[in-house]
Amino acid sequence: MEQLYLIWQGMPSLLSGTLVTIELTIYFLALGFLLGILLALGRVYGPLYLQLLVIIPFERLFRAIPALVLLFLFYFGSSFFHINISAFMAAILAMGLRSAAYQSEIFRGAIQTIGEDQMKAARSLGMNTLQSIRYVILPQALRLSIPSWANEYAVVLKDTSLAYAVGVTELLRQGRYIVARTFGNALLVYTVCALIYFILVFIGNQLLRFLEEKYKIPGYEIKTRREQSVLERI
Amino acid sequence: MPHVILKVENLYKSYGKLAVLKGISFQVNQGETKVIIGPSGTGKSTLLNCINQLTPPDKGRIWLEEIEVTNPATDLNLIRSSIGMVFQHFNLFTHLTVLDNVRLGLVVVKKIPKDKATEISLEKLNQVGLADKINAYPAELSGGQQQRVSIARALAMNPKLILFDEPTSALDPELIGEVLNVMIKLAERGMTMVVVSHEMGFARAVANEIIFMENGVIVEEGKPDIMFHHAQNPRTREFLHKITELYGGKAE
């Protein structure tokens, strides 16, 4: 009973931490999404020098360095250049750019799956490259990206907890405060934190599944084995 | 004087060391249908792609009416919007309905208001006999239906010329007829067309001229009658004989 009361008391701070976690997730994913699409388009349609000198090194670098190291570099490293940024901003830059590197690979794969023929048809109608990308390539590529993007969503959401290390008061840090205040309720408090992360990932993935279903192209979907076996039995 | 729609002059194209087109010249007058035949790897598709500059040629000049397509100052998107193209594998936009496939170019390229664009699209879809399929997606259609949509898509742009790149060679035999019938009607209505195809029945029925290409050059060109019965070049005779055996020469 006492323990339940403890969680009840801690709920407001856990929830405010959850809000920060959600906020971080949105920023990370949004930065990663916008930049990721640009990088992917650059990888497929951009000039070679841009790919070799900028895009590929960026992607390699941000995928090869551990997230925590990136966070420390952006937060503690920025003061070396006499730039003063908050922990929150440092986290957005480090994790957002990192997600961009991963997302660009998701989008590049999807764009390349679509193939040359679609682009050729669009160009043959007189569309310029940007129009072709906007109306023909991206609508298809984004649909194809949803399953892998759901993965990225889960990873990025969970990685917001790393922002703890540079002092952002997100969910895990709020949990840590409660544990420190109340001595020794670590298992309970962290379990509640884990549950909140789980719920967030679960809801997000359900939403993405819903999107995938809503925007799937009739006649074009590849049935999963379960769906197929259901169809065969009918 | 016939009105010249397309003029191709001394066209060259190489991929690395492989010379695909080695000096192609021909012209197409308004309302004419020219059928290009020849063994695979001869550069027929490359030639079509060069005409609307999806593949820029290395050398040579092309005119669409009085506009020089190969002039670097020419607005290629404008040129492409007035040259229709029908592909071997249809290349319909898989994420769009039949109606949107036909309408997209009108709305995006020609900036025609949506209701007017819809009207035009419906008319063209009606013309190819697919008015009842406007809300279907490409993957829900047969190959023949898909190809007819792609013809409607080309027609909607009100092109001066339509290029057909082996429009029936990816189709099941029983679906070829419906596509050819649409093309024959187009030819009869006076559409200017350049068709890469081995459908000899079609060639005989509507071609003003057959062009036989081999190894990047035009070996011989002439009216179907003359090409079939009095071809000058022995290679032309041999090739025509072979494909007539394979594809048949019916539909006369």
# chains A, B, ... in the order shown; residues from 1 in each chain; ligands from 1
$ select_by_dssp --residues "stretch 55-247 of chain B" --states "strand (DSSP E or B)" --output "PyMOL selection string"
chain B and resi 59-64+67-68+83-86+161-165+193-196+209-214+217-222
$ interface_residues --of "chain B" --to "chain A" --cutoff "6 Å" --atoms "only C-alpha atoms" --output "PDB file with C-alpha atoms, in the first residue's frame"
ATOM      1  CA  ASN B  77       9.906  19.651 -70.020  1.00  0.00           C
ATOM      2  CA  ARG B  80       8.245  16.195 -73.290  1.00  0.00           C
ATOM      3  CA  SER B  81       4.770  17.325 -72.337  1.00  0.00           C
ATOM      4  CA  ASN B  91       5.093   2.342 -66.094  1.00  0.00           C
ATOM      5  CA  HIS B  95       0.156   4.470 -55.934  1.00  0.00           C
ATOM      6  CA  GLY B 105       0.290  15.368 -65.872  1.00  0.00           C
ATOM      7  CA  VAL B 109       2.575  19.970 -65.704  1.00  0.00           C
ATOM      8  CA  ALA B 139      -2.065  -3.587 -59.863  1.00  0.00           C
ATOM      9  CA  GLU B 140      -5.748  -4.512 -59.989  1.00  0.00           C
TER      10      GLU B 140
END
$ closest_atom_pairs --of "stretch 110-217 of chain B" --to "stretch 22-25 of chain B" --cutoff "10 Å" --atoms "only C-alpha atoms" --output "Markdown table"
| residue | atom | partner | partner_atom | distance |
| --- | --- | --- | --- | --- |
| B:Met213 | CA | B:Ile24 | CA | 9.2 |
| B:Asn215 | CA | B:Lys22 | CA | 8.0 |
| B:Gly216 | CA | B:Lys22 | CA | 5.0 |
| B:Val217 | CA | B:Lys22 | CA | 5.6 |
$ closest_residue --among "B:Thr244, B:Ser150, B:Ser142, B:Asn29" --to "B:Arg103" --atoms "only C-alpha atoms"
B:Ser150
